[in-house]
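Text of the file work.txt, holding compact mmCIF, N, CA and C atoms:
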```
# COMPACT_ATOMS: atom_id res chain seq x y z
N MET A 1 89.10 -97.78 106.01
CA MET A 1 87.78 -97.38 106.49
C MET A 1 87.32 -98.39 107.54
N LEU A 2 86.71 -97.86 108.56
CA LEU A 2 86.19 -98.66 109.66
C LEU A 2 84.68 -98.45 109.73
N VAL A 3 83.92 -99.53 109.89
CA VAL A 3 82.47 -99.44 110.09
C VAL A 3 82.19 -99.92 111.50
N ARG A 4 81.46 -99.08 112.26
CA ARG A 4 81.20 -99.38 113.67
C ARG A 4 79.95 -98.64 114.11
N SER A 5 79.53 -98.91 115.35
CA SER A 5 78.40 -98.16 115.93
C SER A 5 78.82 -96.72 116.13
N ALA A 6 77.89 -95.82 115.88
CA ALA A 6 78.16 -94.40 116.08
C ALA A 6 78.21 -94.09 117.57
N ASP A 7 78.96 -93.05 117.92
CA ASP A 7 78.93 -92.59 119.31
C ASP A 7 78.30 -91.20 119.34
N SER A 8 77.98 -90.75 120.53
CA SER A 8 77.22 -89.50 120.69
C SER A 8 77.93 -88.29 120.09
N THR A 9 79.25 -88.32 119.98
CA THR A 9 79.97 -87.18 119.41
C THR A 9 79.77 -87.08 117.90
N GLU A 10 79.21 -88.12 117.29
CA GLU A 10 79.02 -88.13 115.84
C GLU A 10 77.60 -87.78 115.41
N HIS A 11 76.78 -87.37 116.35
CA HIS A 11 75.38 -87.03 116.07
C HIS A 11 75.27 -86.01 114.93
N ALA A 12 75.99 -84.92 115.01
CA ALA A 12 75.91 -83.86 113.99
C ALA A 12 76.39 -84.36 112.64
N ALA A 13 77.44 -85.17 112.62
CA ALA A 13 77.96 -85.69 111.36
C ALA A 13 76.94 -86.62 110.70
N VAL A 14 76.29 -87.46 111.50
CA VAL A 14 75.25 -88.35 110.97
C VAL A 14 74.11 -87.53 110.38
N LEU A 15 73.64 -86.53 111.10
CA LEU A 15 72.56 -85.67 110.60
C LEU A 15 72.97 -85.00 109.29
N SER A 16 74.19 -84.51 109.22
CA SER A 16 74.68 -83.83 108.03
C SER A 16 74.66 -84.76 106.81
N ILE A 17 75.10 -85.99 106.99
CA ILE A 17 75.12 -86.94 105.88
C ILE A 17 73.70 -87.29 105.44
N LEU A 18 72.81 -87.51 106.39
CA LEU A 18 71.42 -87.83 106.05
C LEU A 18 70.75 -86.65 105.36
N ASP A 19 71.02 -85.44 105.84
CA ASP A 19 70.45 -84.24 105.21
C ASP A 19 70.97 -84.06 103.79
N ALA A 20 72.26 -84.32 103.57
CA ALA A 20 72.85 -84.17 102.24
C ALA A 20 72.23 -85.14 101.24
N ALA A 21 71.72 -86.25 101.74
CA ALA A 21 71.04 -87.23 100.88
C ALA A 21 69.55 -86.95 100.76
N ALA A 22 69.11 -85.82 101.32
CA ALA A 22 67.71 -85.40 101.29
C ALA A 22 66.79 -86.42 101.96
N LEU A 23 67.30 -87.07 103.01
CA LEU A 23 66.48 -88.01 103.77
C LEU A 23 65.84 -87.29 104.94
N GLN A 24 64.62 -87.68 105.24
CA GLN A 24 63.92 -87.09 106.39
C GLN A 24 64.64 -87.48 107.66
N THR A 25 64.96 -86.48 108.46
CA THR A 25 65.64 -86.78 109.72
C THR A 25 64.98 -86.04 110.87
N ASP A 26 65.08 -86.63 112.02
CA ASP A 26 64.62 -86.01 113.24
C ASP A 26 65.78 -86.11 114.22
N SER A 27 66.31 -84.99 114.63
CA SER A 27 67.51 -84.96 115.46
C SER A 27 67.36 -85.80 116.72
N ASP A 28 66.24 -85.69 117.39
CA ASP A 28 66.04 -86.44 118.63
C ASP A 28 65.98 -87.95 118.37
N GLN A 29 65.32 -88.35 117.28
CA GLN A 29 65.24 -89.77 116.95
C GLN A 29 66.62 -90.34 116.61
N ILE A 30 67.42 -89.55 115.91
CA ILE A 30 68.78 -90.00 115.58
C ILE A 30 69.61 -90.12 116.85
N ARG A 31 69.49 -89.15 117.74
CA ARG A 31 70.22 -89.21 119.01
C ARG A 31 69.83 -90.46 119.80
N GLU A 32 68.53 -90.76 119.87
CA GLU A 32 68.06 -91.94 120.59
C GLU A 32 68.56 -93.22 119.92
N ALA A 33 68.58 -93.24 118.59
CA ALA A 33 69.08 -94.42 117.88
C ALA A 33 70.57 -94.63 118.15
N ILE A 34 71.32 -93.56 118.21
CA ILE A 34 72.75 -93.66 118.55
C ILE A 34 72.90 -94.25 119.95
N GLU A 35 72.09 -93.79 120.89
CA GLU A 35 72.16 -94.29 122.27
C GLU A 35 71.83 -95.78 122.34
N ARG A 36 70.96 -96.27 121.44
CA ARG A 36 70.57 -97.69 121.40
C ARG A 36 71.57 -98.52 120.59
N ASN A 37 72.61 -97.90 120.07
CA ASN A 37 73.56 -98.56 119.16
C ASN A 37 72.89 -99.02 117.88
N ASP A 38 71.91 -98.24 117.41
CA ASP A 38 71.20 -98.56 116.18
C ASP A 38 71.62 -97.66 115.02
N VAL A 39 72.78 -97.02 115.14
CA VAL A 39 73.33 -96.23 114.04
C VAL A 39 74.75 -96.72 113.80
N PHE A 40 75.03 -97.07 112.55
CA PHE A 40 76.37 -97.46 112.17
C PHE A 40 76.98 -96.35 111.31
N VAL A 41 78.26 -96.14 111.46
CA VAL A 41 78.97 -95.14 110.66
C VAL A 41 80.16 -95.80 109.98
N ALA A 42 80.47 -95.29 108.81
CA ALA A 42 81.70 -95.64 108.12
C ALA A 42 82.63 -94.45 108.32
N VAL A 43 83.80 -94.72 108.87
CA VAL A 43 84.72 -93.65 109.25
C VAL A 43 86.05 -93.84 108.53
N ALA A 44 86.56 -92.74 107.96
CA ALA A 44 87.89 -92.77 107.35
C ALA A 44 88.91 -92.97 108.46
N THR A 45 89.70 -94.00 108.38
CA THR A 45 90.60 -94.33 109.48
C THR A 45 91.67 -93.27 109.69
N GLU A 46 92.11 -92.59 108.64
CA GLU A 46 93.16 -91.59 108.79
C GLU A 46 92.66 -90.33 109.50
N GLN A 47 91.58 -89.76 109.01
CA GLN A 47 91.08 -88.48 109.54
C GLN A 47 89.99 -88.62 110.58
N GLY A 48 89.35 -89.77 110.64
CA GLY A 48 88.23 -89.95 111.55
C GLY A 48 86.95 -89.32 111.03
N THR A 49 86.92 -88.95 109.75
CA THR A 49 85.75 -88.32 109.15
C THR A 49 84.66 -89.36 108.91
N VAL A 50 83.42 -89.02 109.26
CA VAL A 50 82.29 -89.90 109.00
C VAL A 50 81.94 -89.79 107.51
N LEU A 51 82.01 -90.94 106.83
CA LEU A 51 81.77 -90.98 105.38
C LEU A 51 80.35 -91.41 105.04
N GLY A 52 79.72 -92.16 105.94
CA GLY A 52 78.37 -92.65 105.68
C GLY A 52 77.73 -93.10 106.97
N ALA A 53 76.40 -93.26 106.92
CA ALA A 53 75.65 -93.65 108.11
C ALA A 53 74.46 -94.51 107.73
N LEU A 54 74.12 -95.42 108.62
CA LEU A 54 72.94 -96.26 108.47
C LEU A 54 72.20 -96.24 109.79
N VAL A 55 70.87 -96.05 109.73
CA VAL A 55 70.04 -95.96 110.93
C VAL A 55 69.03 -97.11 110.93
N LEU A 56 68.95 -97.79 112.06
CA LEU A 56 68.00 -98.88 112.25
C LEU A 56 66.92 -98.49 113.24
N SER A 57 65.76 -99.07 113.06
CA SER A 57 64.69 -99.02 114.05
C SER A 57 64.16 -100.44 114.13
N GLY A 58 64.64 -101.16 115.13
CA GLY A 58 64.32 -102.58 115.19
C GLY A 58 64.98 -103.28 114.02
N ALA A 59 64.16 -103.96 113.21
CA ALA A 59 64.68 -104.67 112.04
C ALA A 59 64.61 -103.83 110.77
N GLU A 60 64.15 -102.60 110.89
CA GLU A 60 63.99 -101.76 109.70
C GLU A 60 65.15 -100.79 109.53
N ILE A 61 65.70 -100.77 108.33
CA ILE A 61 66.69 -99.75 107.97
C ILE A 61 65.89 -98.52 107.59
N THR A 62 65.97 -97.49 108.41
CA THR A 62 65.19 -96.29 108.15
C THR A 62 65.95 -95.28 107.30
N ALA A 63 67.27 -95.40 107.26
CA ALA A 63 68.07 -94.48 106.44
C ALA A 63 69.45 -95.07 106.22
N VAL A 64 69.96 -94.85 105.03
CA VAL A 64 71.36 -95.16 104.74
C VAL A 64 71.83 -94.11 103.73
N ALA A 65 72.96 -93.50 104.02
CA ALA A 65 73.46 -92.44 103.15
C ALA A 65 74.98 -92.37 103.23
N VAL A 66 75.58 -91.90 102.13
CA VAL A 66 77.02 -91.75 102.03
C VAL A 66 77.30 -90.33 101.54
N ARG A 67 78.38 -89.73 102.03
CA ARG A 67 78.76 -88.40 101.56
C ARG A 67 78.77 -88.39 100.04
N PRO A 68 78.23 -87.33 99.42
CA PRO A 68 78.14 -87.29 97.96
C PRO A 68 79.46 -87.57 97.24
N GLY A 69 80.55 -87.04 97.70
CA GLY A 69 81.83 -87.25 97.04
C GLY A 69 82.42 -88.63 97.23
N ARG A 70 81.81 -89.44 98.08
CA ARG A 70 82.35 -90.79 98.38
C ARG A 70 81.43 -91.91 97.91
N ARG A 71 80.38 -91.58 97.18
CA ARG A 71 79.46 -92.60 96.70
C ARG A 71 80.13 -93.45 95.62
N GLY A 72 79.66 -94.68 95.48
CA GLY A 72 80.20 -95.59 94.48
C GLY A 72 81.49 -96.26 94.90
N GLN A 73 81.84 -96.19 96.19
CA GLN A 73 83.08 -96.77 96.68
C GLN A 73 82.85 -97.95 97.63
N GLY A 74 81.62 -98.46 97.68
CA GLY A 74 81.32 -99.62 98.52
C GLY A 74 81.00 -99.28 99.97
N ILE A 75 80.90 -98.01 100.29
CA ILE A 75 80.64 -97.61 101.68
C ILE A 75 79.23 -98.03 102.11
N GLY A 76 78.25 -97.80 101.26
CA GLY A 76 76.88 -98.21 101.58
C GLY A 76 76.77 -99.71 101.77
N ARG A 77 77.46 -100.46 100.94
CA ARG A 77 77.47 -101.93 101.07
C ARG A 77 78.06 -102.36 102.41
N ARG A 78 79.14 -101.70 102.80
CA ARG A 78 79.78 -102.06 104.08
C ARG A 78 78.86 -101.73 105.25
N LEU A 79 78.13 -100.61 105.17
CA LEU A 79 77.19 -100.25 106.23
C LEU A 79 76.07 -101.29 106.33
N VAL A 80 75.53 -101.69 105.20
CA VAL A 80 74.46 -102.69 105.20
C VAL A 80 74.99 -104.02 105.73
N ALA A 81 76.21 -104.39 105.36
CA ALA A 81 76.80 -105.64 105.85
C ALA A 81 76.91 -105.62 107.38
N GLU A 82 77.26 -104.48 107.95
CA GLU A 82 77.34 -104.38 109.41
C GLU A 82 75.95 -104.55 110.03
N ALA A 83 74.94 -103.94 109.42
CA ALA A 83 73.57 -104.11 109.91
C ALA A 83 73.15 -105.58 109.81
N GLN A 84 73.55 -106.25 108.72
CA GLN A 84 73.20 -107.66 108.56
C GLN A 84 73.86 -108.52 109.63
N ARG A 85 75.05 -108.16 110.05
CA ARG A 85 75.71 -108.92 111.13
C ARG A 85 75.00 -108.71 112.47
N SER A 86 74.28 -107.61 112.61
CA SER A 86 73.67 -107.29 113.90
C SER A 86 72.22 -107.77 114.03
N ARG A 87 71.63 -108.21 112.94
CA ARG A 87 70.22 -108.61 112.95
C ARG A 87 70.04 -109.94 112.23
N LYS A 88 68.94 -110.64 112.56
CA LYS A 88 68.61 -111.89 111.88
C LYS A 88 67.75 -111.65 110.67
N ARG A 89 67.13 -110.48 110.61
CA ARG A 89 66.23 -110.12 109.52
C ARG A 89 66.24 -108.60 109.41
N LEU A 90 66.21 -108.10 108.18
CA LEU A 90 66.15 -106.65 107.96
C LEU A 90 65.09 -106.34 106.90
N VAL A 91 64.51 -105.16 107.03
CA VAL A 91 63.52 -104.67 106.08
C VAL A 91 63.96 -103.27 105.66
N ALA A 92 63.75 -102.95 104.39
CA ALA A 92 64.08 -101.61 103.90
C ALA A 92 62.98 -101.14 102.97
N ALA A 93 62.67 -99.85 103.01
CA ALA A 93 61.76 -99.21 102.07
C ALA A 93 62.60 -98.18 101.33
N PHE A 94 62.44 -98.11 100.01
CA PHE A 94 63.34 -97.27 99.23
C PHE A 94 62.71 -96.84 97.91
N ASP A 95 63.33 -95.85 97.30
CA ASP A 95 62.94 -95.35 95.99
C ASP A 95 63.27 -96.42 94.94
N PRO A 96 62.38 -96.64 93.98
CA PRO A 96 62.65 -97.66 92.96
C PRO A 96 63.98 -97.47 92.22
N LYS A 97 64.48 -96.26 92.13
CA LYS A 97 65.74 -96.01 91.41
C LYS A 97 66.93 -96.72 92.06
N VAL A 98 66.84 -97.01 93.35
CA VAL A 98 67.97 -97.65 94.04
C VAL A 98 67.73 -99.14 94.31
N GLU A 99 66.73 -99.71 93.65
CA GLU A 99 66.48 -101.14 93.84
C GLU A 99 67.70 -102.00 93.49
N PRO A 100 68.48 -101.69 92.44
CA PRO A 100 69.66 -102.52 92.16
C PRO A 100 70.64 -102.60 93.34
N PHE A 101 70.81 -101.51 94.08
CA PHE A 101 71.68 -101.53 95.26
C PHE A 101 71.16 -102.55 96.27
N TRP A 102 69.87 -102.49 96.57
CA TRP A 102 69.30 -103.37 97.58
C TRP A 102 69.34 -104.83 97.12
N GLN A 103 69.15 -105.08 95.84
CA GLN A 103 69.28 -106.44 95.33
C GLN A 103 70.72 -106.92 95.48
N ALA A 104 71.69 -106.04 95.20
CA ALA A 104 73.10 -106.41 95.27
C ALA A 104 73.54 -106.77 96.68
N VAL A 105 72.87 -106.23 97.69
CA VAL A 105 73.23 -106.55 99.08
C VAL A 105 72.33 -107.63 99.68
N GLY A 106 71.59 -108.33 98.81
CA GLY A 106 70.86 -109.52 99.24
C GLY A 106 69.41 -109.33 99.64
N PHE A 107 68.83 -108.17 99.39
CA PHE A 107 67.43 -107.96 99.74
C PHE A 107 66.53 -108.41 98.60
N GLU A 108 65.36 -108.95 98.95
CA GLU A 108 64.37 -109.36 97.96
C GLU A 108 63.11 -108.53 98.13
N ARG A 109 62.63 -108.00 97.02
CA ARG A 109 61.43 -107.16 97.07
C ARG A 109 60.23 -107.98 97.51
N VAL A 110 59.39 -107.34 98.33
CA VAL A 110 58.14 -107.96 98.78
C VAL A 110 56.99 -107.02 98.47
N GLY A 111 55.87 -107.57 98.09
CA GLY A 111 54.68 -106.77 97.84
C GLY A 111 54.83 -105.87 96.62
N THR A 112 53.94 -104.89 96.57
CA THR A 112 53.95 -103.93 95.47
C THR A 112 54.34 -102.56 95.99
N ALA A 113 54.66 -101.68 95.07
CA ALA A 113 55.08 -100.33 95.46
C ALA A 113 53.95 -99.61 96.18
N GLU A 114 54.32 -98.90 97.24
CA GLU A 114 53.35 -98.09 98.00
C GLU A 114 53.88 -96.67 98.03
N ALA A 115 53.11 -95.73 97.51
CA ALA A 115 53.50 -94.32 97.52
C ALA A 115 54.90 -94.13 96.93
N ASP A 116 55.13 -94.75 95.78
CA ASP A 116 56.41 -94.65 95.07
C ASP A 116 57.58 -95.20 95.87
N ARG A 117 57.33 -96.11 96.79
CA ARG A 117 58.38 -96.75 97.59
C ARG A 117 58.26 -98.26 97.44
N LEU A 118 59.39 -98.90 97.36
CA LEU A 118 59.42 -100.36 97.34
C LEU A 118 59.85 -100.86 98.71
N ARG A 119 59.49 -102.09 99.03
CA ARG A 119 59.92 -102.72 100.28
C ARG A 119 60.67 -104.00 99.93
N ALA A 120 61.70 -104.26 100.71
CA ALA A 120 62.47 -105.48 100.50
C ALA A 120 62.91 -106.03 101.84
N VAL A 121 63.18 -107.33 101.86
CA VAL A 121 63.55 -108.03 103.08
C VAL A 121 64.85 -108.78 102.84
N TRP A 122 65.67 -108.82 103.88
CA TRP A 122 66.86 -109.65 103.87
C TRP A 122 66.76 -110.61 105.05
N GLU A 123 66.92 -111.89 104.75
CA GLU A 123 66.99 -112.93 105.76
C GLU A 123 68.07 -113.90 105.33
N PRO A 124 69.00 -114.22 106.23
CA PRO A 124 70.04 -115.18 105.85
C PRO A 124 69.42 -116.54 105.59
N GLU A 125 70.03 -117.28 104.74
CA GLU A 125 69.50 -118.62 104.39
C GLU A 125 69.85 -119.64 105.42
```
File written out as structure tokens:
Amino acid sequence: MLVRSADSTEHAAVLSILDAAALQTDSDQIREAIERNDVFVAVATEQGTVLGALVLSGAEITAVAVRPGRRGQGIGRRLVAEAQRSRKRLVAAFDPKVEPFWQAVGFERVGTAEADRLRAVWEPE
């Protein structure tokens, strides 16, 4: 598996993965993020299939998702690691059910829950 910046030909695949995870998506915003190199994809090296995607807006991770059949294989962790290499600080807002994932990749919760969402920050030491 290879993790890299998405290219314009992967726009539909990124949208499909985000939609399958029931994440709010806006096609134009995703296209613009791809153009800014703010979308990372995990790609199966043999088939070239997009297995997961992570979308950034500045220092904020606005979405991260993995194909349902490929979850639990470290793909989300690899996507976050690539985002961490590209930024000095990251922020994420997420459902409390996935807080263990964010803790495992080095994020620390900040503040209190807002509208059933938690916020966490990652900053290298």
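Closest approach to A:Gly106 from the set A:Ala93, A:Leu2, A:Val64, A:Val121 is made by A:Val121, with distances taken over all atoms listed in the file.
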> Residues at most 6 Å from stretch 16-28 of chain A, counting all atoms listed in the file, excluding those fewer than 6 positions away in the same chain, as a PyMOL selection string?
Replying inline: chain A and resi 65-67
> Tell me, which residues of chain A carry DSSP alpha helix (DSSP H), written as a ChimeraX atom specification?
Replying inline: /A:11-20,27-35,75-86,99-104
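Excluding A:Val43 and any residue on its chain fewer than 2 positions from it, the residues at most 5 Å away by all atoms listed in the file are A:Met1, A:Leu2, A:Val3, A:Val41, A:Thr45, A:Thr49, A:Val50, A:Leu51.
With only N, CA and C atoms as the basis for measurement, A:Val105 is the residue among A:Val110, A:Pro100, A:Thr62, A:Val105 that approaches A:Val80 most closely.
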>> Using Å and a single decimal, report how far atom C of A:Thr112 sits from atom C of A:Ile30.
In response: 28.7 Å
>> Using all atoms listed in the file, which protein or nucleic acid residues come within 6 Å of A:Asp38? Drop anything in the same chain fewer than 3 positions from it, and give the result as a VMD selection string.
In response: chain A and resid 33 to 35 54 to 56
Could you please take those selected residues and save N, CA and C atoms as a short mmCIF file (atom, residue, chain, number, x, y, z; two decimals), in the coordinates of the input?
```cif
data_model
loop_
_atom_site.label_atom_id
_atom_site.label_comp_id
_atom_site.auth_asym_id
_atom_site.auth_seq_id
_atom_site.Cartn_x
_atom_site.Cartn_y
_atom_site.Cartn_z
N ALA A 33 68.58 -93.24 118.59
CA ALA A 33 69.08 -94.42 117.88
C ALA A 33 70.57 -94.63 118.15
N ILE A 34 71.32 -93.56 118.21
CA ILE A 34 72.75 -93.66 118.55
C ILE A 34 72.90 -94.25 119.95
N GLU A 35 72.09 -93.79 120.89
CA GLU A 35 72.16 -94.29 122.27
C GLU A 35 71.83 -95.78 122.34
N LEU A 54 74.12 -95.42 108.62
CA LEU A 54 72.94 -96.26 108.47
C LEU A 54 72.20 -96.24 109.79
N VAL A 55 70.87 -96.05 109.73
CA VAL A 55 70.04 -95.96 110.93
C VAL A 55 69.03 -97.11 110.93
N LEU A 56 68.95 -97.79 112.06
CA LEU A 56 68.00 -98.88 112.25
C LEU A 56 66.92 -98.49 113.24
#
```
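Checking A:Ala104, A:Ala12, A:Ala59, A:Val91 one by one against A:Arg77, counting only C-alpha atoms, you find the shortest gap at A:Ala104.
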> atom C of A:Pro124 to atom C of A:Gln73: how many Å, to one decimal?
Replying inline: 24.3 Å
All file atoms of stretch 105-109 of chain A boxed axis-aligned, 8 Å per side, centre plus edges, as JSON:
```
{"center_x": 66.7, "center_y": -107.9, "center_z": 98.4, "size_x": 29.0, "size_y": 19.3, "size_z": 18.7}
```
>> Among chain A, which ones does DSSP assign to strand (DSSP E) (computed from the backbone)? Answer as a PyMOL selection string.
In response: chain A and resi 2-5+39-43+50-57+60-66+90-94+108-114+117-122
With N, CA and C atoms retained, export the selected residues as a compact mmCIF listing (two decimals), in the frame of the given file.
```txt
# COMPACT_ATOMS: atom_id res chain seq x y z
N LEU A 2 86.71 -97.86 108.56
CA LEU A 2 86.19 -98.66 109.66
C LEU A 2 84.68 -98.45 109.73
N VAL A 3 83.92 -99.53 109.89
CA VAL A 3 82.47 -99.44 110.09
C VAL A 3 82.19 -99.92 111.50
N ARG A 4 81.46 -99.08 112.26
CA ARG A 4 81.20 -99.38 113.67
C ARG A 4 79.95 -98.64 114.11
N SER A 5 79.53 -98.91 115.35
CA SER A 5 78.40 -98.16 115.93
C SER A 5 78.82 -96.72 116.13
N VAL A 39 72.78 -97.02 115.14
CA VAL A 39 73.33 -96.23 114.04
C VAL A 39 74.75 -96.72 113.80
N PHE A 40 75.03 -97.07 112.55
CA PHE A 40 76.37 -97.46 112.17
C PHE A 40 76.98 -96.35 111.31
N VAL A 41 78.26 -96.14 111.46
CA VAL A 41 78.97 -95.14 110.66
C VAL A 41 80.16 -95.80 109.98
N ALA A 42 80.47 -95.29 108.81
CA ALA A 42 81.70 -95.64 108.12
C ALA A 42 82.63 -94.45 108.32
N VAL A 43 83.80 -94.72 108.87
CA VAL A 43 84.72 -93.65 109.25
C VAL A 43 86.05 -93.84 108.53
N VAL A 50 83.42 -89.02 109.26
CA VAL A 50 82.29 -89.90 109.00
C VAL A 50 81.94 -89.79 107.51
N LEU A 51 82.01 -90.94 106.83
CA LEU A 51 81.77 -90.98 105.38
C LEU A 51 80.35 -91.41 105.04
N GLY A 52 79.72 -92.16 105.94
CA GLY A 52 78.37 -92.65 105.68
C GLY A 52 77.73 -93.10 106.97
N ALA A 53 76.40 -93.26 106.92
CA ALA A 53 75.65 -93.65 108.11
C ALA A 53 74.46 -94.51 107.73
N LEU A 54 74.12 -95.42 108.62
CA LEU A 54 72.94 -96.26 108.47
C LEU A 54 72.20 -96.24 109.79
N VAL A 55 70.87 -96.05 109.73
CA VAL A 55 70.04 -95.96 110.93
C VAL A 55 69.03 -97.11 110.93
N LEU A 56 68.95 -97.79 112.06
CA LEU A 56 68.00 -98.88 112.25
C LEU A 56 66.92 -98.49 113.24
N SER A 57 65.76 -99.07 113.06
CA SER A 57 64.69 -99.02 114.05
C SER A 57 64.16 -100.44 114.13
N GLU A 60 64.15 -102.60 110.89
CA GLU A 60 63.99 -101.76 109.70
C GLU A 60 65.15 -100.79 109.53
N ILE A 61 65.70 -100.77 108.33
CA ILE A 61 66.69 -99.75 107.97
C ILE A 61 65.89 -98.52 107.59
N THR A 62 65.97 -97.49 108.41
CA THR A 62 65.19 -96.29 108.15
C THR A 62 65.95 -95.28 107.30
N ALA A 63 67.27 -95.40 107.26
CA ALA A 63 68.07 -94.48 106.44
C ALA A 63 69.45 -95.07 106.22
N VAL A 64 69.96 -94.85 105.03
CA VAL A 64 71.36 -95.16 104.74
C VAL A 64 71.83 -94.11 103.73
N ALA A 65 72.96 -93.50 104.02
CA ALA A 65 73.46 -92.44 103.15
C ALA A 65 74.98 -92.37 103.23
N VAL A 66 75.58 -91.90 102.13
CA VAL A 66 77.02 -91.75 102.03
C VAL A 66 77.30 -90.33 101.54
N LEU A 90 66.21 -108.10 108.18
CA LEU A 90 66.15 -106.65 107.96
C LEU A 90 65.09 -106.34 106.90
N VAL A 91 64.51 -105.16 107.03
CA VAL A 91 63.52 -104.67 106.08
C VAL A 91 63.96 -103.27 105.66
N ALA A 92 63.75 -102.95 104.39
CA ALA A 92 64.08 -101.61 103.90
C ALA A 92 62.98 -101.14 102.97
N ALA A 93 62.67 -99.85 103.01
CA ALA A 93 61.76 -99.21 102.07
C ALA A 93 62.60 -98.18 101.33
N PHE A 94 62.44 -98.11 100.01
CA PHE A 94 63.34 -97.27 99.23
C PHE A 94 62.71 -96.84 97.91
N GLU A 108 65.36 -108.95 98.95
CA GLU A 108 64.37 -109.36 97.96
C GLU A 108 63.11 -108.53 98.13
N ARG A 109 62.63 -108.00 97.02
CA ARG A 109 61.43 -107.16 97.07
C ARG A 109 60.23 -107.98 97.51
N VAL A 110 59.39 -107.34 98.33
CA VAL A 110 58.14 -107.96 98.78
C VAL A 110 56.99 -107.02 98.47
N GLY A 111 55.87 -107.57 98.09
CA GLY A 111 54.68 -106.77 97.84
C GLY A 111 54.83 -105.87 96.62
N THR A 112 53.94 -104.89 96.57
CA THR A 112 53.95 -103.93 95.47
C THR A 112 54.34 -102.56 95.99
N ALA A 113 54.66 -101.68 95.07
CA ALA A 113 55.08 -100.33 95.46
C ALA A 113 53.95 -99.61 96.18
N GLU A 114 54.32 -98.90 97.24
CA GLU A 114 53.35 -98.09 98.00
C GLU A 114 53.88 -96.67 98.03
N ARG A 117 57.33 -96.11 96.79
CA ARG A 117 58.38 -96.75 97.59
C ARG A 117 58.26 -98.26 97.44
N LEU A 118 59.39 -98.90 97.36
CA LEU A 118 59.42 -100.36 97.34
C LEU A 118 59.85 -100.86 98.71
N ARG A 119 59.49 -102.09 99.03
CA ARG A 119 59.92 -102.72 100.28
C ARG A 119 60.67 -104.00 99.93
N ALA A 120 61.70 -104.26 100.71
CA ALA A 120 62.47 -105.48 100.50
C ALA A 120 62.91 -106.03 101.84
N VAL A 121 63.18 -107.33 101.86
CA VAL A 121 63.55 -108.03 103.08
C VAL A 121 64.85 -108.78 102.84
N TRP A 122 65.67 -108.82 103.88
CA TRP A 122 66.86 -109.65 103.87
C TRP A 122 66.76 -110.61 105.05
```
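As for atom CA of A:Asn37 and atom CA of A:Gly76, they are spaced 17.9 Å apart.
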